[in-house]
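Right, one structure below, let's go through it.
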Amino acid sequence: MGTTVSEGQRRDARDTRRRLLEAAAALFAERGYERATVRDIAERAGVNQALLFRYFGSKRALFGEVIAHNGEEQLRTTPPHELLEAALRGLLGHGGKEPGSRALATLLRSVDSGDEIGTAVRAISDDYARVLATLSSADNRALRADLALSWLLGIGTMRVIVGKEPLAEADPDEVCALVTTALGTLLDGLPAADRRP
């Protein structure tokens, strides 16, 4: 006679999985892959670390799911013409409050963590570049999108990881205004209202 899983147990499992994903997303964005420990992730989620392995199998698998989920969430919920500023604000705010806004900060803090991580980084970068390319009508729009994404990640590196002043403490509104104005020459589909000096 087999055991059945109740709706309450399924709901608890979904809730535990969600809490682990949220805790991991926050810690990976704050510390990067290497410094975010399984113990700290489980503690922040309020569960035993054995459950992390039960639901995800490994820390690397959890990281891959966090990157994919956060990036997909931001790409799914953000109109293309707002994506650049939304991603930039996520970087300027050290990951932001919404899980989707942490995708690029997580990516930056973890980029040198091994082959599997590099694969996840390339995949999410490709997804962002594909959406940004829709903001240009030029024949070389894929190159323009890569240049815009490279600048965005460079800004994030200098602010979030290096802590270079005055960028590290600059007002996010001022940075966004300057960056979107400058990137208007690469991505002519950025709304003019967003490109204020």
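If you're wondering about the labels, chains in the structure tokens are A, B, ... by order shown, residues count from 1 in each chain, ligands from 1 in order shown.
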Problem - Nearby residues (only C-alpha atoms) at most 10 Å from Leu84 of chain A, same-chain spacing under 2 positions excluded, as a PyMOL selection string - result: chain A and resi 78-82+86-90+128+131-132+148-149+152+176+179-180+183+190
Fill in the blank from the handout: Shortest contact to Glu85 of chain A, candidates A:Ile155, A:Ala24, A:Ala177, A:Ala182, atoms counted only C-alpha atoms, goes to A:Ala177
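Across A:Asp40, A:Asp15, A:Asp126, A:Glu72, the tightest approach to Tyr55 of chain A is made by A:Asp15 when counting only C-alpha atoms.
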Exercise for the section: Return as JSON, numbers by chain the full set of residues in segment 28-63 of chain A whose backbone-based DSSP assignment is helix (DSSP H, G or I). Expected result: {"A": [28, 29, 30, 31, 38, 39, 40, 41, 42, 43, 44, 45, 49, 50, 51, 52, 53, 54, 55, 56, 59, 60, 61, 62, 63]}
